[in-house]
file model.cif (mmCIF, C-alpha atoms)
data_final
#
loop_
_atom_site.label_atom_id
_atom_site.label_comp_id
_atom_site.auth_asym_id
_atom_site.auth_seq_id
_atom_site.Cartn_x
_atom_site.Cartn_y
_atom_site.Cartn_z
CA MET A 17 120.76 72.87 94.28
CA ALA A 18 121.14 69.48 95.85
CA THR A 19 120.78 66.38 93.74
CA GLY A 20 117.31 64.95 93.54
CA GLN A 21 115.52 67.88 95.12
CA SER A 22 112.93 69.93 93.39
CA ARG A 23 114.16 73.44 92.80
CA VAL A 24 111.69 76.21 93.44
CA ALA A 25 112.05 78.43 90.41
CA CYS A 26 111.63 82.07 91.35
CA LEU A 27 111.55 85.23 89.34
CA VAL A 28 115.06 86.74 89.57
CA LEU A 29 113.98 90.04 88.03
CA PRO A 30 111.05 91.45 90.02
CA VAL A 31 108.28 93.26 88.18
CA ASP A 32 109.15 96.94 88.16
CA GLY A 33 109.04 100.10 86.08
CA ARG A 34 110.77 98.49 83.08
CA ASP A 35 107.94 96.04 82.64
CA ARG A 36 104.94 96.14 80.36
CA VAL A 37 102.18 95.92 82.95
CA ARG A 38 98.41 95.81 82.95
CA GLY A 39 96.64 96.36 86.24
CA PRO A 40 97.45 98.38 89.35
CA ALA A 41 101.02 98.47 90.68
CA ASP A 42 99.71 97.69 94.19
CA ALA A 43 97.44 94.82 93.17
CA PRO A 44 97.60 91.95 95.69
CA ALA A 45 98.38 89.36 92.98
CA THR A 46 100.98 89.46 90.21
CA LEU A 47 101.03 87.22 87.16
CA VAL A 48 104.05 87.26 84.87
CA GLU A 49 104.03 85.50 81.52
CA TYR A 50 107.11 84.71 79.46
CA GLY A 51 105.77 84.25 75.96
CA ASP A 52 106.50 84.07 72.26
CA TYR A 53 104.15 85.62 69.69
CA GLU A 54 104.59 82.75 67.26
CA CYS A 55 104.08 79.97 69.80
CA PRO A 56 100.66 78.32 69.38
CA TYR A 57 100.47 77.47 73.10
CA CYS A 58 101.00 81.15 73.93
CA GLY A 59 98.25 81.88 71.43
CA LEU A 60 95.99 79.55 73.40
CA ALA A 61 97.04 81.23 76.63
CA HIS A 62 96.24 84.74 75.41
CA PRO A 63 92.43 84.64 75.83
CA ILE A 64 92.91 82.71 79.07
CA VAL A 65 95.06 85.50 80.49
CA GLN A 66 92.47 88.01 79.32
CA GLU A 67 89.78 86.04 81.15
CA VAL A 68 91.89 85.93 84.31
CA GLN A 69 92.37 89.70 84.06
CA ARG A 70 88.65 90.21 83.57
CA ARG A 71 87.71 88.02 86.51
CA LEU A 72 90.28 89.37 88.95
CA GLY A 73 89.96 92.98 87.84
CA ARG A 74 91.90 95.40 90.08
CA GLN A 75 93.14 92.48 92.16
CA LEU A 76 95.65 91.57 89.44
CA ARG A 77 98.79 93.03 87.98
CA PHE A 78 99.86 91.25 84.78
CA ALA A 79 103.28 91.63 83.17
CA PHE A 80 104.33 90.16 79.83
CA ARG A 81 107.97 89.42 79.05
CA HIS A 82 109.40 88.20 75.77
CA PHE A 83 110.77 84.71 75.38
CA PRO A 84 111.14 84.19 71.61
CA LEU A 85 112.18 80.68 70.61
CA ALA A 86 113.77 82.03 67.48
CA GLU A 87 115.13 78.76 66.11
CA ILE A 88 111.70 77.18 65.76
CA HIS A 89 109.72 80.41 65.36
CA PRO A 90 111.44 82.52 62.71
CA HIS A 91 109.18 85.57 63.19
CA ALA A 92 109.07 85.57 66.98
CA GLN A 93 112.04 87.87 67.59
CA MET A 94 110.91 90.63 65.22
CA ALA A 95 107.33 90.35 66.48
CA ALA A 96 108.64 90.93 70.02
CA GLU A 97 110.65 93.93 68.83
CA ALA A 98 107.57 95.25 67.02
CA ALA A 99 105.59 95.05 70.26
CA GLU A 100 108.32 97.04 72.00
CA ALA A 101 108.47 99.57 69.17
CA ALA A 102 104.71 100.03 69.54
CA GLY A 103 105.25 100.28 73.29
CA ALA A 104 107.68 103.15 72.73
CA GLN A 105 104.71 104.96 71.20
CA GLY A 106 102.40 104.01 74.04
CA ARG A 107 100.61 101.15 72.22
CA PHE A 108 102.29 98.01 73.54
CA TRP A 109 99.14 96.16 74.60
CA GLU A 110 97.23 96.99 71.45
CA MET A 111 100.08 95.55 69.37
CA HIS A 112 100.40 92.59 71.77
CA ASP A 113 96.73 91.72 71.24
CA LEU A 114 97.00 92.13 67.45
CA LEU A 115 100.05 89.87 67.27
CA TYR A 116 98.31 87.10 69.21
CA LYS A 117 95.18 87.45 67.10
CA ASN A 118 97.26 87.16 63.93
CA GLN A 119 99.85 84.55 64.83
CA GLN A 120 99.84 83.17 61.30
CA ALA A 121 100.91 86.53 59.82
CA LEU A 122 103.97 87.90 61.60
CA ASP A 123 106.22 88.71 58.63
CA ASP A 124 107.61 92.24 58.31
CA ALA A 125 104.86 93.42 55.94
CA SER A 126 102.20 92.24 58.41
CA LEU A 127 103.96 93.97 61.31
CA LEU A 128 103.89 97.18 59.31
CA ARG A 129 100.20 96.65 58.60
CA TYR A 130 99.46 96.34 62.32
CA ALA A 131 101.50 99.47 63.05
CA THR A 132 99.46 101.29 60.42
CA ALA A 133 96.20 100.02 61.90
CA LEU A 134 97.28 101.37 65.31
CA GLY A 135 98.08 104.75 63.83
CA LEU A 136 101.74 104.61 64.86
CA ASP A 137 104.40 106.95 63.55
CA LEU A 138 105.48 104.57 60.79
CA THR A 139 108.82 106.16 60.02
CA ARG A 140 109.85 105.79 63.64
CA PHE A 141 108.45 102.24 63.85
CA VAL A 142 110.26 101.09 60.70
CA ASN A 143 113.52 102.72 61.71
CA GLU A 144 113.45 101.15 65.16
CA LEU A 145 112.89 97.69 63.68
CA ALA A 146 115.63 98.24 61.06
CA ASP A 147 118.07 99.54 63.70
CA ARG A 148 117.17 96.66 66.04
CA THR A 149 116.54 99.28 68.72
CA TRP A 150 114.64 96.80 70.91
CA GLU A 151 116.77 93.71 70.36
CA SER A 152 118.71 94.08 73.60
CA ARG A 153 115.56 94.71 75.60
CA VAL A 154 113.98 91.51 74.24
CA ARG A 155 117.21 89.67 75.06
CA GLU A 156 117.08 91.06 78.60
CA ASP A 157 113.60 89.65 78.99
CA PHE A 158 114.75 86.31 77.55
CA MET A 159 117.77 86.01 79.83
CA SER A 160 115.79 87.07 82.90
CA GLY A 161 113.50 84.18 82.02
CA VAL A 162 116.34 81.71 81.57
CA ARG A 163 117.81 82.73 84.93
CA SER A 164 114.39 82.37 86.57
CA GLY A 165 113.85 78.82 85.31
CA VAL A 166 111.59 79.48 82.36
CA ASN A 167 111.22 76.05 80.82
CA GLY A 168 109.06 76.55 77.79
CA THR A 169 106.47 78.89 76.40
CA PRO A 170 104.32 80.06 77.92
CA THR A 171 105.82 80.01 81.42
CA PHE A 172 103.86 81.75 84.15
CA PHE A 173 105.09 83.08 87.47
CA VAL A 174 102.46 83.49 90.13
CA ASN A 175 103.51 86.01 92.75
CA GLY A 176 107.14 85.43 91.80
CA VAL A 177 107.15 81.62 91.76
CA ARG A 178 107.08 79.48 88.61
CA HIS A 179 103.65 77.98 88.07
CA ASP A 180 104.21 74.34 87.09
CA GLY A 181 100.55 73.33 87.12
CA PRO A 182 97.85 73.65 84.48
CA TRP A 183 97.15 77.14 83.18
CA ASP A 184 93.44 77.17 82.47
CA ALA A 185 91.74 80.27 83.94
CA ASP A 186 90.41 78.51 87.04
CA SER A 187 93.81 77.02 87.90
CA LEU A 188 95.63 80.31 87.43
CA ILE A 189 93.07 82.18 89.52
CA GLU A 190 93.21 79.57 92.24
CA ALA A 191 97.00 79.92 92.41
CA LEU A 192 96.85 83.72 92.28
CA VAL A 193 94.40 84.08 95.13
CA ALA A 194 95.94 81.36 97.34
CA PRO A 195 97.29 82.81 100.59
CA ALA A 196 100.95 83.74 100.36
CA ARG A 197 103.08 80.68 100.89
CA VAL A 198 106.50 80.66 102.46
CA HIS A 199 109.22 79.71 100.00
CA VAL A 200 112.56 78.48 101.24
CA MET B 27 112.12 57.70 90.53
CA ALA B 28 115.27 55.91 89.48
CA GLU B 29 116.08 52.77 91.41
CA THR B 30 119.41 54.28 92.39
CA ASP B 31 120.50 57.84 93.08
CA ILE B 32 122.02 59.76 90.23
CA LEU B 33 125.79 60.31 90.29
CA LYS B 34 126.76 63.10 92.63
CA PRO B 35 129.29 65.93 92.43
CA GLY B 36 132.84 64.63 92.94
CA ALA B 37 132.13 61.32 91.20
CA ARG B 38 133.98 60.48 88.01
CA ALA B 39 131.63 60.69 85.03
CA SER B 40 131.08 57.33 83.36
CA GLY B 41 132.64 57.21 79.92
CA PHE B 42 130.49 56.37 76.91
CA THR B 43 130.42 56.26 73.16
CA LEU B 44 127.01 56.60 71.54
CA HIS B 45 125.68 57.15 68.07
CA THR B 46 124.34 60.58 67.18
CA THR B 47 123.72 59.69 63.52
CA PRO B 48 123.86 56.27 61.83
CA ASP B 49 127.55 56.77 61.01
CA GLN B 50 128.76 59.18 63.71
CA THR B 51 129.48 58.58 67.36
CA VAL B 52 130.20 60.93 70.24
CA SER B 53 132.32 59.96 73.24
CA LEU B 54 132.57 61.71 76.57
CA SER B 55 136.35 61.72 76.08
CA ASP B 56 135.91 63.89 72.96
CA PHE B 57 135.29 66.78 75.32
CA ARG B 58 138.34 66.40 77.55
CA GLY B 59 139.59 69.85 78.56
CA GLN B 60 136.21 71.56 78.37
CA PRO B 61 133.04 71.43 80.47
CA VAL B 62 130.24 69.21 79.23
CA VAL B 63 126.55 69.41 80.01
CA LEU B 64 124.81 66.02 79.80
CA ALA B 65 121.06 66.37 79.60
CA PHE B 66 119.21 63.07 79.95
CA TYR B 67 115.55 63.39 78.99
CA PRO B 68 112.71 60.89 78.59
CA ALA B 69 111.87 61.16 74.90
CA ASP B 70 112.01 63.17 71.69
CA TRP B 71 108.85 64.91 70.51
CA SER B 72 107.39 66.29 73.73
CA PRO B 73 104.19 68.01 72.69
CA VAL B 74 105.14 71.57 73.57
CA CYS B 75 107.03 74.27 71.70
CA GLY B 76 109.40 75.06 74.47
CA ASP B 77 110.47 71.55 75.34
CA GLN B 78 113.73 71.04 77.17
CA MET B 79 115.94 70.50 74.12
CA THR B 80 114.41 73.44 72.24
CA LEU B 81 115.03 75.65 75.23
CA TYR B 82 118.67 74.54 75.55
CA ASN B 83 119.12 75.19 71.84
CA GLU B 84 118.16 78.80 72.43
CA VAL B 85 120.44 79.09 75.46
CA LEU B 86 123.37 77.39 73.69
CA PRO B 87 125.25 80.70 73.13
CA GLU B 88 125.26 81.19 76.91
CA PHE B 89 126.66 77.70 77.50
CA ARG B 90 129.33 78.38 74.89
CA LYS B 91 130.42 81.53 76.72
CA HIS B 92 131.64 79.06 79.33
CA ARG B 93 133.29 76.90 76.59
CA ALA B 94 130.81 74.19 77.52
CA ALA B 95 129.59 71.51 75.14
CA LEU B 96 126.02 70.27 75.39
CA VAL B 97 124.68 66.84 74.54
CA GLY B 98 121.16 65.49 74.94
CA ILE B 99 120.70 61.79 75.67
CA SER B 100 117.57 59.68 75.42
CA VAL B 101 116.72 56.09 74.51
CA ASP B 102 115.37 57.17 71.12
CA GLY B 103 117.16 55.80 68.08
CA VAL B 104 119.31 57.77 65.64
CA TRP B 105 116.58 58.14 63.01
CA CYS B 106 114.17 59.51 65.56
CA HIS B 107 116.84 61.88 66.90
CA GLY B 108 117.63 62.97 63.34
CA ALA B 109 114.04 63.88 62.58
CA PHE B 110 113.51 65.59 65.93
CA SER B 111 116.76 67.51 65.67
CA ALA B 112 115.96 68.73 62.14
CA ASN B 113 112.43 69.71 63.15
CA ARG B 114 113.63 71.76 66.13
CA ARG B 115 116.76 73.01 64.33
CA LEU B 116 119.01 71.83 67.13
CA HIS B 117 122.67 72.86 67.02
CA PHE B 118 123.99 70.25 69.43
CA PRO B 119 124.09 66.45 69.25
CA LEU B 120 121.40 64.11 70.55
CA LEU B 121 122.83 60.75 71.55
CA ALA B 122 120.99 57.47 71.16
CA ASP B 123 121.18 55.39 74.36
CA PHE B 124 119.39 52.77 72.35
CA GLU B 125 121.27 49.49 72.42
CA PRO B 126 121.63 48.13 75.01
CA LYS B 127 118.70 50.31 75.89
CA GLY B 128 119.42 52.89 78.56
CA ALA B 129 122.85 51.45 79.37
CA VAL B 130 124.50 54.86 79.73
CA ALA B 131 121.58 56.32 81.69
CA ARG B 132 121.92 53.36 84.09
CA THR B 133 125.59 54.15 84.74
CA TYR B 134 124.54 57.65 85.80
CA GLY B 135 121.68 56.30 87.93
CA ALA B 136 119.26 58.08 85.61
CA TYR B 137 117.18 55.25 84.13
CA ARG B 138 113.54 54.44 84.86
CA ALA B 139 113.31 50.72 84.24
CA LYS B 140 109.54 50.61 84.68
CA GLU B 141 108.88 53.11 81.90
CA GLY B 142 111.99 52.27 79.91
CA VAL B 143 113.14 55.87 79.58
CA SER B 144 115.78 58.19 81.04
CA GLU B 145 115.07 60.45 83.92
CA ARG B 146 115.21 64.18 83.41
CA ALA B 147 118.69 64.40 84.87
CA LEU B 148 121.37 67.01 84.33
CA PHE B 149 125.11 66.65 84.83
CA VAL B 150 127.80 69.30 84.51
CA ILE B 151 131.17 67.63 84.03
CA ASP B 152 134.47 69.49 84.18
CA GLY B 153 137.33 69.20 81.69
CA GLU B 154 138.89 66.43 83.80
CA GLY B 155 135.82 64.22 83.60
CA VAL B 156 134.61 64.88 87.15
CA ILE B 157 130.94 65.60 87.85
CA ARG B 158 130.67 69.04 89.41
CA TRP B 159 126.89 69.40 89.56
CA SER B 160 123.96 67.09 89.04
CA TYR B 161 120.25 67.49 89.29
CA LEU B 162 117.34 65.10 89.05
CA SER B 163 114.13 66.82 88.02
CA PRO B 164 110.65 65.47 88.63
CA ILE B 165 109.99 63.61 85.36
CA GLY B 166 107.11 65.85 84.35
CA VAL B 167 108.94 69.11 85.02
CA ASN B 168 111.34 70.54 82.49
CA PRO B 169 114.11 71.84 84.76
CA GLY B 170 114.98 74.89 82.65
CA ALA B 171 118.54 76.13 82.17
CA ASP B 172 119.18 78.24 85.25
CA GLY B 173 120.82 75.47 87.29
CA ILE B 174 123.19 74.61 84.45
CA LEU B 175 124.29 78.23 84.05
CA GLU B 176 124.89 78.59 87.78
CA ALA B 177 126.95 75.40 87.76
CA LEU B 178 129.05 76.54 84.81
CA GLU B 179 129.70 79.86 86.55
CA SER B 180 130.82 78.20 89.75
CA LEU B 181 133.06 75.89 87.71
CA GLU B 182 134.92 78.93 86.44
CA SER B 183 135.28 80.43 89.88
CA ALA B 184 136.49 77.12 91.37
CA PRO B 185 138.38 75.03 88.82
CA SER B 186 139.27 71.49 89.85
CA ALA B 187 142.49 70.85 91.76
CA THR B 188 144.12 69.00 88.89
CA SER B 189 143.34 71.69 86.35
CA THR B 190 144.79 74.46 88.54
CA GLN B 191 147.99 72.46 89.01
CA ARG B 192 148.43 71.84 85.34
CA ARG B 193 151.43 73.63 83.84
CA PRO B 194 151.29 75.07 80.36
#

call {"tool": "encode", "arguments": {"input": "model.cif", "output": "structure tokens"}}
result
Amino acid sequence: MATGQSRVACLVLPVDGRDRVRGPADAPATLVEYGDYECPYCGLAHPIVQEVQRRLGRQLRFAFRHFPLAEIHPHAQMAAEAAEAAGAQGRFWEMHDLLYKNQQALDDASLLRYATALGLDLTRFVNELADRTWESRVREDFMSGVRSGVNGTPTFFVNGVRHDGPWDADSLIEALVAPARVHV
Amino acid sequence: MAETDILKPGARASGFTLHTTPDQTVSLSDFRGQPVVLAFYPADWSPVCGDQMTLYNEVLPEFRKHRAALVGISVDGVWCHGAFSANRRLHFPLLADFEPKGAVARTYGAYRAKEGVSERALFVIDGEGVIRWSYLSPIGVNPGADGILEALESLESAPSATSTQRRP
């Protein structure tokens, strides 16, 4: 907190059962991404994260949290809610991948098309988006990011600490497999 | 780093009047009675989506829960600020510390003369014009909003001596 010192930004909300997680719960390394489906930099990060997951395999637990920058990305909030609505039907990651592959088409009709492609219960999906069932959950993710020092999208946390360096696959893997450091 | 340290908690915030548009100015004294967040930053148009000002724009409702006003300050001119602000749909003023260049940043110890830009420096000022929290970020690291929110919360739990003594 002192003037002129670098703050170590740490994840205030640890990864737990509420999270959307890929990889084993007891994996030695945890990567958390705060991202926005309409952000082009997050779009660039998506295949990189997939590569990191591929290369680290069972060594890695990856969690994705929503950080929609709704003022500059008008479809980001509903896309995040659509991912959660798909998640409620057990298809979060499939929707997540579809949204990142189709960043240019995130309007409501497109979201419905992706839900159809995934074979979701469409009545339920549409109702949950209309009722804003997942709005508060997305907001929870957003505020947990704000309180953890998220400073843009994407922001990564490597084993609970904000990763301020480059996020190409090699750099992320190097940070993830580095021996645990002591943080004051 | 700045040649001098940035102003510290307890110091009186330097007053200023700066243009936010060609025909509008904003003064620190406009905010008397409410907390103000001053966010000095190096330049408009950082090449990322979630740059510092865009982030603060999204967190603005949280700042407002604490009745706090937010202003961004850089050495960019009003036309540049206008274009940047419209592009990012900002709902708070950007002030042009443009002429004399960086004069206000200098009074806060937050100017980098070599590069000719502001530091990334944050100040939370109470309703009496006293700095209650300040933070100098490494220039390349967007400091996020968590420190500001913590500072605004502690401001509420510990109002300044003068404000507690004030009678209605």

call {"tool": "closest_atom_pairs", "arguments": {"input": "model.cif", "of": "chain B", "to": "chain A", "cutoff": "10 Å", "atoms": "all atoms listed in the file", "output": "Markdown table"}}
result
| residue | atom | partner | partner_atom | distance |
| --- | --- | --- | --- | --- |
| B:Met27 | CA | A:Gly20 | CA | 9.4 |
| B:Asp31 | CA | A:Gly20 | CA | 7.8 |
| B:Ile32 | CA | A:Thr19 | CA | 7.6 |
| B:Leu33 | CA | A:Thr19 | CA | 8.6 |
| B:Lys34 | CA | A:Thr19 | CA | 6.9 |
| B:Pro35 | CA | A:Thr19 | CA | 8.6 |
| B:Val74 | CA | A:Tyr57 | CA | 7.5 |
| B:Cys75 | CA | A:Thr169 | CA | 6.6 |
| B:Gly76 | CA | A:Gly168 | CA | 3.7 |
| B:Asp77 | CA | A:Gly168 | CA | 5.7 |
| B:Gln78 | CA | A:Asn167 | CA | 6.7 |
| B:Met79 | CA | A:Gly168 | CA | 9.9 |
| B:Thr80 | CA | A:Leu85 | CA | 7.7 |
| B:Leu81 | CA | A:Gly168 | CA | 6.6 |
| B:Tyr82 | CA | A:Asn167 | CA | 9.2 |
| B:Asn83 | CA | A:Glu87 | CA | 7.8 |
| B:Glu84 | CA | A:Leu85 | CA | 6.5 |
| B:Val85 | CA | A:Val162 | CA | 7.8 |
| B:Glu88 | CA | A:Met159 | CA | 9.4 |
| B:Asn113 | CA | A:Ile88 | CA | 7.9 |
| B:Arg114 | CA | A:Ile88 | CA | 5.8 |
| B:Arg115 | CA | A:Glu87 | CA | 6.2 |
| B:Leu116 | CA | A:Glu87 | CA | 8.0 |
| B:His117 | CA | A:Glu87 | CA | 9.6 |
| B:Ala147 | CA | A:Gly20 | CA | 8.8 |
| B:Leu148 | CA | A:Thr19 | CA | 9.4 |
| B:Phe149 | CA | A:Thr19 | CA | 9.9 |
| B:Trp159 | CA | A:Thr19 | CA | 8.0 |
| B:Ser160 | CA | A:Thr19 | CA | 5.7 |
| B:Tyr161 | CA | A:Thr19 | CA | 4.6 |
| B:Leu162 | CA | A:Gly20 | CA | 4.5 |
| B:Ser163 | CA | A:Ser22 | CA | 6.3 |
| B:Pro164 | CA | A:Ser22 | CA | 6.9 |
| B:Gly166 | CA | A:Asp180 | CA | 9.4 |
| B:Val167 | CA | A:Asp180 | CA | 7.3 |
| B:Asn168 | CA | A:Asn167 | CA | 5.8 |
| B:Pro169 | CA | A:Asn167 | CA | 6.4 |
| B:Gly170 | CA | A:Asn167 | CA | 4.3 |
| B:Ala171 | CA | A:Val162 | CA | 6.0 |
| B:Asp172 | CA | A:Arg163 | CA | 4.7 |
| B:Gly173 | CA | A:Met17 | CA | 7.5 |
| B:Ile174 | CA | A:Arg163 | CA | 9.8 |
| B:Leu175 | CA | A:Arg163 | CA | 7.9 |
| B:Glu176 | CA | A:Arg163 | CA | 8.7 |
| B:Ala177 | CA | A:Met17 | CA | 9.3 |

call {"tool": "atom_distance", "arguments": {"input": "model.cif", "atom1": "CA of Gly106 (chain A)", "atom2": "CA of Val28 (chain A)"}}
result
26.5 Å

call {"tool": "residues_around", "arguments": {"input": "model.cif", "residues": "Asn118 (chain A)", "least_positions_apart": "2", "cutoff": "10 Å", "atoms": "all atoms listed in the file", "output": "ChimeraX atom specification"}}
result
/A:53-54,59,113-116,120-122,126-127,130

call {"tool": "atom_distance", "arguments": {"input": "model.cif", "atom1": "CA of Trp150 (chain A)", "atom2": "CA of Gln93 (chain A)"}}
result
9.9 Å

call {"tool": "atom_distance", "arguments": {"input": "model.cif", "atom1": "CA of Ser100 (chain B)", "atom2": "CA of Ser144 (chain B)"}}
result
6.1 Å

call {"tool": "resolve_selection", "arguments": {"input": "model.cif", "expression": "the PyMOL selection byres ((chain B and resi 92) around 12)", "output": "list in words"}}
result
Gln60, Pro61, Val62, Val63, Val85, Leu86, Pro87, Glu88, Phe89, Arg90, Lys91, Arg93, Ala94, Ala95, Leu96, Val150, Asp152, Gly153, Ile174, Leu175, Glu176, Ala177, Leu178, Glu179, Ser180, Leu181, Glu182 and Ser183 of chain B

call {"tool": "write_last_selection", "arguments": {"input": "model.cif", "atoms": "C-alpha atoms", "output": "PDB file, in the frame of the given file"}}
result
ATOM      1  CA  GLN B  60     136.210  71.560  78.370  1.00  0.00           C
ATOM      2  CA  PRO B  61     133.040  71.430  80.470  1.00  0.00           C
ATOM      3  CA  VAL B  62     130.240  69.210  79.230  1.00  0.00           C
ATOM      4  CA  VAL B  63     126.550  69.410  80.010  1.00  0.00           C
ATOM      5  CA  VAL B  85     120.440  79.090  75.460  1.00  0.00           C
ATOM      6  CA  LEU B  86     123.370  77.390  73.690  1.00  0.00           C
ATOM      7  CA  PRO B  87     125.250  80.700  73.130  1.00  0.00           C
ATOM      8  CA  GLU B  88     125.260  81.190  76.910  1.00  0.00           C
ATOM      9  CA  PHE B  89     126.660  77.700  77.500  1.00  0.00           C
ATOM     10  CA  ARG B  90     129.330  78.380  74.890  1.00  0.00           C
ATOM     11  CA  LYS B  91     130.420  81.530  76.720  1.00  0.00           C
ATOM     12  CA  ARG B  93     133.290  76.900  76.590  1.00  0.00           C
ATOM     13  CA  ALA B  94     130.810  74.190  77.520  1.00  0.00           C
ATOM     14  CA  ALA B  95     129.590  71.510  75.140  1.00  0.00           C
ATOM     15  CA  LEU B  96     126.020  70.270  75.390  1.00  0.00           C
ATOM     16  CA  VAL B 150     127.800  69.300  84.510  1.00  0.00           C
ATOM     17  CA  ASP B 152     134.470  69.490  84.180  1.00  0.00           C
ATOM     18  CA  GLY B 153     137.330  69.200  81.690  1.00  0.00           C
ATOM     19  CA  ILE B 174     123.190  74.610  84.450  1.00  0.00           C
ATOM     20  CA  LEU B 175     124.290  78.230  84.050  1.00  0.00           C
ATOM     21  CA  GLU B 176     124.890  78.590  87.780  1.00  0.00           C
ATOM     22  CA  ALA B 177     126.950  75.400  87.760  1.00  0.00           C
ATOM     23  CA  LEU B 178     129.050  76.540  84.810  1.00  0.00           C
ATOM     24  CA  GLU B 179     129.700  79.860  86.550  1.00  0.00           C
ATOM     25  CA  SER B 180     130.820  78.200  89.750  1.00  0.00           C
ATOM     26  CA  LEU B 181     133.060  75.890  87.710  1.00  0.00           C
ATOM     27  CA  GLU B 182     134.920  78.930  86.440  1.00  0.00           C
ATOM     28  CA  SER B 183     135.280  80.430  89.880  1.00  0.00           C
TER      29      SER B 183
END

call {"tool": "closest_residue", "arguments": {"input": "model.cif", "among": "A:Arg107, A:Arg81, A:Arg178, A:Arg129", "to": "Val142 (chain A)", "atoms": "only C-alpha atoms"}}
result
A:Arg129

call {"tool": "resolve_selection", "arguments": {"input": "model.cif", "expression": "the PyMOL selection byres ((chain B and resi 118-127) around 9)", "output": "MDAnalysis selection string"}}
result
chainID B and resid 43:47 51:52 83 86 95:104 107:108 111 116:117 128:131 142:143

call {"tool": "write_last_selection", "arguments": {"input": "model.cif", "atoms": "C-alpha atoms", "output": "PDB file, in the frame of the given file"}}
result
ATOM      1  CA  THR B  43     130.420  56.260  73.160  1.00  0.00           C
ATOM      2  CA  LEU B  44     127.010  56.600  71.540  1.00  0.00           C
ATOM      3  CA  HIS B  45     125.680  57.150  68.070  1.00  0.00           C
ATOM      4  CA  THR B  46     124.340  60.580  67.180  1.00  0.00           C
ATOM      5  CA  THR B  47     123.720  59.690  63.520  1.00  0.00           C
ATOM      6  CA  THR B  51     129.480  58.580  67.360  1.00  0.00           C
ATOM      7  CA  VAL B  52     130.200  60.930  70.240  1.00  0.00           C
ATOM      8  CA  ASN B  83     119.120  75.190  71.840  1.00  0.00           C
ATOM      9  CA  LEU B  86     123.370  77.390  73.690  1.00  0.00           C
ATOM     10  CA  ALA B  95     129.590  71.510  75.140  1.00  0.00           C
ATOM     11  CA  LEU B  96     126.020  70.270  75.390  1.00  0.00           C
ATOM     12  CA  VAL B  97     124.680  66.840  74.540  1.00  0.00           C
ATOM     13  CA  GLY B  98     121.160  65.490  74.940  1.00  0.00           C
ATOM     14  CA  ILE B  99     120.700  61.790  75.670  1.00  0.00           C
ATOM     15  CA  SER B 100     117.570  59.680  75.420  1.00  0.00           C
ATOM     16  CA  VAL B 101     116.720  56.090  74.510  1.00  0.00           C
ATOM     17  CA  ASP B 102     115.370  57.170  71.120  1.00  0.00           C
ATOM     18  CA  GLY B 103     117.160  55.800  68.080  1.00  0.00           C
ATOM     19  CA  VAL B 104     119.310  57.770  65.640  1.00  0.00           C
ATOM     20  CA  HIS B 107     116.840  61.880  66.900  1.00  0.00           C
ATOM     21  CA  GLY B 108     117.630  62.970  63.340  1.00  0.00           C
ATOM     22  CA  SER B 111     116.760  67.510  65.670  1.00  0.00           C
ATOM     23  CA  LEU B 116     119.010  71.830  67.130  1.00  0.00           C
ATOM     24  CA  HIS B 117     122.670  72.860  67.020  1.00  0.00           C
ATOM     25  CA  GLY B 128     119.420  52.890  78.560  1.00  0.00           C
ATOM     26  CA  ALA B 129     122.850  51.450  79.370  1.00  0.00           C
ATOM     27  CA  VAL B 130     124.500  54.860  79.730  1.00  0.00           C
ATOM     28  CA  ALA B 131     121.580  56.320  81.690  1.00  0.00           C
ATOM     29  CA  GLY B 142     111.990  52.270  79.910  1.00  0.00           C
ATOM     30  CA  VAL B 143     113.140  55.870  79.580  1.00  0.00           C
TER      31      VAL B 143
END

call {"tool": "closest_residue", "arguments": {"input": "model.cif", "among": "B:Gly36, B:Trp71, B:Phe57, B:Phe66", "to": "Arg132 (chain B)", "atoms": "all atoms listed in the file"}}
result
B:Phe66

call {"tool": "residues_around", "arguments": {"input": "model.cif", "residues": "Thr149 (chain A)", "least_positions_apart": "6", "cutoff": "9 Å", "atoms": "all atoms listed in the file", "output": "NGL selection string"}}
result
:A and (97 or 101 or 143)

call {"tool": "axis_aligned_box", "arguments": {"input": "model.cif", "around": "region 132-145 of chain A", "padding_each_side": "6 Å", "output": "lines of an AutoDock Vina configuration file"}}
result
center_x = 104.9
center_y = 102.3
center_z = 62.7
size_x = 29.3
size_y = 21.3
size_z = 17.3

call {"tool": "closest_residue", "arguments": {"input": "model.cif", "among": "A:Ala79, A:Val154, A:Val48, A:Val24", "to": "Ala98 (chain A)", "atoms": "all atoms listed in the file"}}
result
A:Val154

call {"tool": "residues_around", "arguments": {"input": "model.cif", "residues": "Glu190 (chain A)", "least_positions_apart": "3", "cutoff": "12 Å", "atoms": "all atoms listed in the file", "output": "PyMOL selection string"}}
result
chain A and resi 45+68+71-72+174+179+181-187+193-196

call {"tool": "closest_residue", "arguments": {"input": "model.cif", "among": "A:Phe173, A:Ala96, A:Gln75, A:Gln119", "to": "Leu145 (chain A)", "atoms": "all atoms listed in the file"}}
result
A:Ala96

call {"tool": "closest_residue", "arguments": {"input": "model.cif", "among": "A:Glu151, A:Ala146, A:Glu110, A:Phe172", "to": "Ala133 (chain A)", "atoms": "all atoms listed in the file"}}
result
A:Glu110

call {"tool": "closest_residue", "arguments": {"input": "model.cif", "among": "B:Phe110, B:Trp105, B:Arg58, B:Lys140", "to": "Ser72 (chain B)", "atoms": "all atoms listed in the file"}}
result
B:Phe110
